[in-house]
file work-v9.csv (CSV, C-alpha atoms)
chain,number,residue,atom,x,y,z
T,1,MET,CA,42.6,117.9,-99.7
T,2,ALA,CA,45.7,119.4,-101.1
T,3,GLN,CA,46.6,122.8,-99.9
T,4,LEU,CA,48.1,125.6,-101.9
T,5,GLU,CA,51.8,125.8,-101.3
T,6,PRO,CA,52.9,129.1,-99.8
T,7,PRO,CA,54.5,131.5,-102.3
T,8,VAL,CA,58.2,131.3,-102.7
T,9,GLY,CA,58.5,135.1,-102.7
T,10,SER,CA,56.9,137.5,-100.2
T,11,THR,CA,58.4,140.8,-101.1
T,12,PRO,CA,55.7,143.2,-102.4
T,13,TRP,CA,56.6,145.6,-105.3
T,14,SER,CA,58.3,148.6,-103.9
T,15,PRO,CA,61.2,151.0,-104.3
T,16,ASP,CA,63.1,148.7,-102.1
T,17,PHE,CA,63.5,146.2,-104.9
T,18,VAL,CA,67.0,145.9,-106.2
T,19,GLY,CA,67.3,148.5,-108.9
T,20,GLN,CA,68.9,148.1,-112.3
T,21,ARG,CA,71.3,150.2,-114.3
T,22,LEU,CA,72.6,149.9,-117.8
T,23,GLU,CA,76.3,150.0,-118.4
T,24,LEU,CA,77.8,150.6,-121.8
T,25,LEU,CA,81.2,149.6,-122.9
T,26,MET,CA,82.2,151.2,-126.3
T,27,VAL,CA,84.8,149.6,-128.5
T,28,HIS,CA,86.1,150.2,-132.0
T,29,ARG,CA,88.8,148.9,-134.3
T,30,ALA,CA,91.9,150.9,-135.1
T,31,GLY,CA,94.0,148.9,-137.6
T,32,GLY,CA,94.7,145.6,-135.9
T,33,GLU,CA,93.9,146.8,-132.4
T,34,ILE,CA,90.7,146.9,-130.3
T,35,ARG,CA,90.3,150.2,-128.5
T,36,VAL,CA,87.8,151.3,-125.9
T,37,LEU,CA,86.1,154.7,-125.6
T,38,ARG,CA,85.8,155.6,-122.0
T,39,PRO,CA,84.1,158.6,-120.4
T,40,VAL,CA,86.8,160.9,-119.1
T,41,HIS,CA,85.5,160.9,-115.5
T,42,ALA,CA,84.3,157.3,-115.1
T,43,ASP,CA,85.4,153.8,-116.1
T,44,ALA,CA,82.2,153.2,-118.1
T,45,LEU,CA,78.9,154.9,-118.9
T,46,ARG,CA,76.1,153.9,-116.6
T,47,VAL,CA,72.5,155.2,-116.9
T,48,GLY,CA,69.2,154.4,-115.4
T,49,TRP,CA,66.6,152.2,-117.2
T,50,ALA,CA,63.2,153.8,-117.4
T,51,VAL,CA,60.0,151.8,-117.4
T,52,GLY,CA,58.5,151.5,-120.9
T,53,ARG,CA,61.8,151.9,-122.8
T,54,SER,CA,64.0,149.2,-124.2
T,55,ALA,CA,67.7,149.1,-123.3
T,56,ASP,CA,68.6,149.2,-127.0
T,57,GLU,CA,66.6,152.4,-127.4
T,58,ILE,CA,68.2,154.1,-124.4
T,59,LEU,CA,71.7,153.1,-125.3
T,60,THR,CA,71.5,154.0,-128.9
T,61,GLU,CA,70.2,157.4,-127.9
T,62,LEU,CA,73.1,157.7,-125.4
T,63,LEU,CA,75.6,156.9,-128.2
T,64,GLY,CA,74.1,159.7,-130.2
T,65,ARG,CA,75.1,162.1,-127.5
T,66,TYR,CA,78.7,161.3,-128.5
T,67,GLY,CA,78.1,161.2,-132.2
T,68,LEU,CA,78.5,157.4,-132.3
T,69,VAL,CA,76.4,154.9,-134.2
T,70,PRO,CA,76.2,151.2,-133.2
T,71,ARG,CA,77.3,148.5,-135.5
T,72,VAL,CA,76.6,145.8,-132.9
T,73,LEU,CA,74.9,146.4,-129.5
T,74,HIS,CA,74.6,143.4,-127.3
T,75,SER,CA,74.1,142.5,-123.6
T,76,THR,CA,77.1,140.6,-122.3
T,77,SER,CA,76.8,140.1,-118.6
T,78,TRP,CA,75.3,141.3,-115.4
T,79,ARG,CA,76.6,141.8,-111.9
T,80,HIS,CA,75.8,143.4,-108.5
T,81,VAL,CA,77.3,146.8,-107.8
T,82,ASP,CA,76.4,148.2,-104.4
T,83,ASP,CA,72.6,148.0,-104.2
T,84,GLU,CA,71.9,147.6,-107.9
T,85,VAL,CA,72.1,145.1,-110.7
T,86,VAL,CA,74.2,146.4,-113.5
T,87,LEU,CA,73.4,145.0,-117.0
T,88,THR,CA,76.4,145.4,-119.2
T,89,TYR,CA,76.1,146.1,-123.0
T,90,LEU,CA,79.0,146.0,-125.4
T,91,VAL,CA,78.7,148.3,-128.4
T,92,VAL,CA,81.0,148.2,-131.4
T,93,VAL,CA,81.2,151.5,-133.2
T,94,ASP,CA,83.3,152.8,-136.1
T,95,GLY,CA,86.2,154.7,-134.6
T,96,PRO,CA,85.6,158.4,-134.3
T,97,ALA,CA,88.1,160.8,-136.0
T,98,ASP,CA,88.1,162.7,-132.7
T,99,PRO,CA,86.7,161.2,-129.5
T,100,GLY,CA,85.7,164.7,-128.4
T,101,PRO,CA,86.1,166.3,-125.0
T,102,HIS,CA,84.1,163.7,-123.0
T,103,LEU,CA,85.6,160.4,-124.1
T,104,VAL,CA,89.1,158.9,-123.8
T,105,ASP,CA,90.3,156.5,-126.6
T,106,GLU,CA,92.4,153.8,-125.0
T,107,PRO,CA,93.9,150.4,-126.1
T,108,VAL,CA,92.2,147.3,-124.6
T,109,GLY,CA,94.4,145.2,-122.5
T,110,ARG,CA,93.8,141.6,-121.6
T,111,ALA,CA,92.6,140.6,-118.1
T,112,ALA,CA,91.9,137.4,-116.2
T,113,LEU,CA,88.2,136.9,-115.7
T,114,ALA,CA,86.8,137.4,-112.3
T,115,ARG,CA,85.8,134.1,-110.8
T,116,GLY,CA,83.7,133.4,-107.8
T,117,ASP,CA,83.2,130.0,-106.1
T,118,ALA,CA,80.6,127.5,-107.0
T,119,THR,CA,77.7,129.3,-105.3
T,120,ALA,CA,78.8,132.9,-105.0
T,121,ALA,CA,79.8,135.7,-107.3
T,122,PRO,CA,83.4,137.1,-107.2
T,123,ALA,CA,84.2,139.3,-104.3
T,124,SER,CA,85.3,142.1,-106.6
T,125,ILE,CA,85.0,142.7,-110.3
T,126,GLY,CA,87.0,145.3,-112.1
T,127,ILE,CA,85.9,147.0,-115.3
T,128,ALA,CA,88.8,145.5,-117.2
T,129,GLN,CA,87.4,142.0,-116.3
T,130,VAL,CA,83.9,143.0,-117.4
T,131,LEU,CA,85.3,144.2,-120.7
T,132,GLU,CA,87.4,141.0,-121.1
T,133,HIS,CA,84.3,139.0,-120.7
T,134,ALA,CA,82.4,141.2,-123.1
T,135,LEU,CA,84.9,140.7,-125.8
T,136,ARG,CA,84.9,136.9,-125.2
T,137,HIS,CA,81.2,137.0,-125.5
T,138,LEU,CA,81.5,139.0,-128.8
T,139,SER,CA,83.9,136.3,-130.0
T,140,TRP,CA,81.2,133.8,-129.3
T,141,LEU,CA,78.5,135.9,-131.0
T,142,ILE,CA,80.5,136.6,-134.1
T,143,ALA,CA,80.6,132.8,-134.7
T,144,ASP,CA,77.2,131.9,-133.4
T,145,ASP,CA,74.9,134.8,-134.4
T,146,ALA,CA,74.6,135.4,-138.1
T,147,ALA,CA,73.5,139.0,-137.7
T,148,VAL,CA,76.5,139.8,-135.6
T,149,GLY,CA,78.9,137.9,-137.9
T,150,ALA,CA,77.6,139.8,-140.9
T,151,ALA,CA,77.9,143.2,-139.1
T,152,LEU,CA,81.5,142.6,-138.1
T,153,PRO,CA,83.3,140.7,-140.8
T,154,ASP,CA,86.4,142.8,-140.1
T,155,TRP,CA,86.5,141.8,-136.4
T,156,ARG,CA,87.0,138.1,-136.8
T,157,PRO,CA,90.9,138.3,-136.7
T,158,LEU,CA,90.8,140.7,-133.8
T,159,LEU,CA,88.6,138.4,-131.7
T,160,GLU,CA,90.5,135.2,-132.4
T,161,PRO,CA,92.6,135.5,-129.2
T,162,TYR,CA,89.4,135.7,-127.1
T,163,VAL,CA,88.0,132.4,-125.8
T,164,PRO,CA,84.3,132.5,-126.8
T,165,GLU,CA,82.0,132.7,-123.8
T,166,PRO,CA,78.2,132.9,-123.5
T,167,PHE,CA,76.3,135.6,-121.6
T,168,GLN,CA,76.8,135.2,-117.9
T,169,ALA,CA,76.6,136.6,-114.4
T,170,LEU,CA,80.0,137.9,-113.2
G,1,MET,CA,66.9,161.9,-103.5
G,2,LYS,CA,68.3,163.2,-106.8
G,3,GLU,CA,70.9,161.9,-109.2
G,4,VAL,CA,72.8,163.6,-112.0
G,5,THR,CA,75.1,161.8,-114.5
G,6,CYS,CA,77.3,164.1,-116.5
G,7,ILE,CA,78.2,163.4,-120.2
G,8,CYS,CA,81.8,162.8,-119.0
G,9,GLY,CA,80.6,159.9,-116.9
G,10,TRP,CA,80.8,161.5,-113.5
G,11,THR,CA,77.7,160.9,-111.4
G,12,CYS,CA,76.4,162.0,-108.1
G,13,ARG,CA,73.4,161.2,-105.8
G,14,GLY,CA,72.0,162.9,-102.7
G,15,THR,CA,69.5,165.3,-101.5
G,16,GLU,CA,68.5,168.2,-103.6
G,17,ASP,CA,71.0,170.5,-101.9
G,18,GLU,CA,73.8,167.9,-102.0
G,19,VAL,CA,73.3,167.3,-105.7
G,20,VAL,CA,73.2,171.0,-106.5
G,21,ALA,CA,76.4,171.6,-104.6
G,22,GLN,CA,78.2,168.6,-106.1
G,23,VAL,CA,77.2,169.5,-109.7
G,24,ILE,CA,78.3,173.1,-109.2
G,25,ASP,CA,81.7,172.0,-108.0
G,26,HIS,CA,82.1,169.4,-110.7
G,27,GLY,CA,81.1,171.9,-113.4
G,28,ARG,CA,83.7,174.4,-112.2
G,29,ALA,CA,86.5,171.9,-111.6
G,30,ALA,CA,86.1,169.6,-114.6
G,31,HIS,CA,84.5,171.7,-117.3
G,32,GLY,CA,85.0,175.3,-116.3
G,33,ILE,CA,81.3,176.1,-116.4
G,34,GLU,CA,78.9,177.8,-113.9
G,35,SER,CA,75.5,176.2,-113.3
G,36,THR,CA,72.5,177.5,-111.5
G,37,ARG,CA,70.4,175.6,-109.1
G,38,ASP,CA,67.5,175.7,-111.6
G,39,GLU,CA,69.6,174.4,-114.4
G,40,ILE,CA,70.8,171.5,-112.2
G,41,LEU,CA,67.4,170.6,-110.9
G,42,ALA,CA,66.0,170.6,-114.5
G,43,ILE,CA,68.4,167.8,-115.4
G,44,ALA,CA,68.4,165.9,-112.1
G,45,VAL,CA,66.6,162.6,-112.0
G,46,GLU,CA,64.4,161.7,-109.0
G,47,ILE,CA,65.3,158.5,-107.3
G,48,PRO,CA,62.8,156.8,-104.9
G,49,MET,CA,63.9,156.8,-101.3
G,50,PRO,CA,64.1,153.3,-99.9
G,51,SER,CA,61.4,152.8,-97.2
G,52,GLN,CA,62.5,152.5,-93.6
G,53,PRO,CA,63.1,149.0,-92.3
G,54,ALA,CA,60.5,147.8,-89.8
G,55,GLY,CA,61.2,149.3,-86.5
G,56,ALA,CA,63.7,151.9,-87.7
G,57,GLY,CA,63.1,155.4,-86.5
G,58,ASP,CA,61.1,154.3,-83.4

call {"tool": "encode", "arguments": {"input": "work-v9.csv", "output": "structure tokens"}}
result
Amino acid sequence: MAQLEPPVGSTPWSPDFVGQRLELLMVHRAGGEIRVLRPVHADALRVGWAVGRSADEILTELLGRYGLVPRVLHSTSWRHVDDEVVLTYLVVVDGPADPGPHLVDEPVGRAALARGDATAAPASIGIAQVLEHALRHLSWLIADDAAVGAALPDWRPLLEPYVPEPFQAL
Amino acid sequence: MKEVTCICGWTCRGTEDEVVAQVIDHGRAAHGIESTRDEILAIAVEIPMPSQPAGAGD
């Protein structure tokens, strides 16, 4: 008689599970340039993800704290940071007339993607690399996702230099 | 354990006393504001403490 195979996981639900955090990278277009809105005292905004709420809802509410409205909001990658999984979202907003006292408005530079080996994540991942991948993913979305393409017709020329990439673990 | 994330992106974690002290310092240094313990605890988020590994603390 066949026996039930043992479970592949044996960790009970507990606070010891790897936690998750939402990370928001905010970009806008200024003329022919992509710029990033960064919090003045961090390289990106990171917030907790409460049970029962969608990430879209939390991040749209967060944007409202800065007087920003999303044109496109999309998850782009995930990675481990310390003892958490960070799920990164890229948001495209209309450029604010004034970023206010809590945000810095900076040009986006290009960066080489962080690459691990065949079975392991990169040893370190900088926020510039996360943003580089996010814009490559947006480049993919703008061609592949009709809703994103329709929301950002003015972004096509800006994203042409970015090699399209799907969502991925960094 | 508590956590506070400021609108400027700065964040801190620690015990109640640690978070209160860090937020007071940050408010003064970065924003020029004074915060009370009650104000800080009202915005602090509770973070579950990881349980002790088996055998720890024996």

call {"tool": "interface_residues", "arguments": {"input": "work-v9.csv", "of": "chain G", "to": "chain T", "cutoff": "9 Å", "atoms": "only C-alpha atoms", "output": "PDB file with C-alpha atoms, in the coordinates of the input"}}
result
ATOM      1  CA  THR G   5      75.100 161.800-114.500  1.00  0.00           C
ATOM      2  CA  CYS G   6      77.300 164.100-116.500  1.00  0.00           C
ATOM      3  CA  ILE G   7      78.200 163.400-120.200  1.00  0.00           C
ATOM      4  CA  CYS G   8      81.800 162.800-119.000  1.00  0.00           C
ATOM      5  CA  GLY G   9      80.600 159.900-116.900  1.00  0.00           C
ATOM      6  CA  TRP G  10      80.800 161.500-113.500  1.00  0.00           C
ATOM      7  CA  THR G  11      77.700 160.900-111.400  1.00  0.00           C
ATOM      8  CA  ALA G  30      86.100 169.600-114.600  1.00  0.00           C
ATOM      9  CA  PRO G  48      62.800 156.800-104.900  1.00  0.00           C
ATOM     10  CA  MET G  49      63.900 156.800-101.300  1.00  0.00           C
ATOM     11  CA  PRO G  50      64.100 153.300 -99.900  1.00  0.00           C
ATOM     12  CA  SER G  51      61.400 152.800 -97.200  1.00  0.00           C
TER      13      SER G  51
END

call {"tool": "atom_distance", "arguments": {"input": "work-v9.csv", "atom1": "atom CA of Pro70 of chain T", "atom2": "atom CA of Val163 of chain T"}}
result
23.4 Å

call {"tool": "residues_around", "arguments": {"input": "work-v9.csv", "residues": "Gly116 of chain T", "least_positions_apart": "6", "cutoff": "10 Å", "atoms": "only C-alpha atoms", "output": "ChimeraX atom specification"}}
result
/T:122-125,170

call {"tool": "closest_residue", "arguments": {"input": "work-v9.csv", "among": "T:Ala55, T:Ala50, T:Leu113, T:Val93", "to": "Val69 of chain T", "atoms": "all atoms listed in the file"}}
result
T:Val93

call {"tool": "atom_distance", "arguments": {"input": "work-v9.csv", "atom1": "atom CA of Ala146 of chain T", "atom2": "atom CA of Pro164 of chain T"}}
result
15.2 Å

call {"tool": "atom_distance", "arguments": {"input": "work-v9.csv", "atom1": "atom CA of Asp144 of chain T", "atom2": "atom CA of Gly31 of chain T"}}
result
24.3 Å

call {"tool": "residues_around", "arguments": {"input": "work-v9.csv", "residues": "Leu22 of chain T", "least_positions_apart": "4", "cutoff": "12 Å", "atoms": "all atoms listed in the file", "output": "PyMOL selection string"}}
result
chain T and resi 44-50+54-60+62+74-81+84-90

call {"tool": "residues_around", "arguments": {"input": "work-v9.csv", "residues": "Glu33 of chain T", "least_positions_apart": "6", "cutoff": "9 Å", "atoms": "only C-alpha atoms", "output": "number ranges by chain"}}
result
T: 107-108, 158

call {"tool": "residues_around", "arguments": {"input": "work-v9.csv", "residues": "Gly126 of chain T", "least_positions_apart": "4", "cutoff": "9 Å", "atoms": "only C-alpha atoms", "output": "PyMOL selection string"}}
result
chain T and resi 114+130-131

call {"tool": "closest_residue", "arguments": {"input": "work-v9.csv", "among": "G:Glu39, G:Val45, G:Met1, G:Cys12", "to": "His26 of chain G", "atoms": "only C-alpha atoms"}}
result
G:Cys12

call {"tool": "closest_residue", "arguments": {"input": "work-v9.csv", "among": "G:Ser35, G:Ala29, G:Val19, G:Ile24", "to": "Val4 of chain G", "atoms": "all atoms listed in the file"}}
result
G:Val19

call {"tool": "closest_residue", "arguments": {"input": "work-v9.csv", "among": "G:Arg37, G:Gly32, G:Lys2, G:Glu46", "to": "Val20 of chain G", "atoms": "all atoms listed in the file"}}
result
G:Arg37
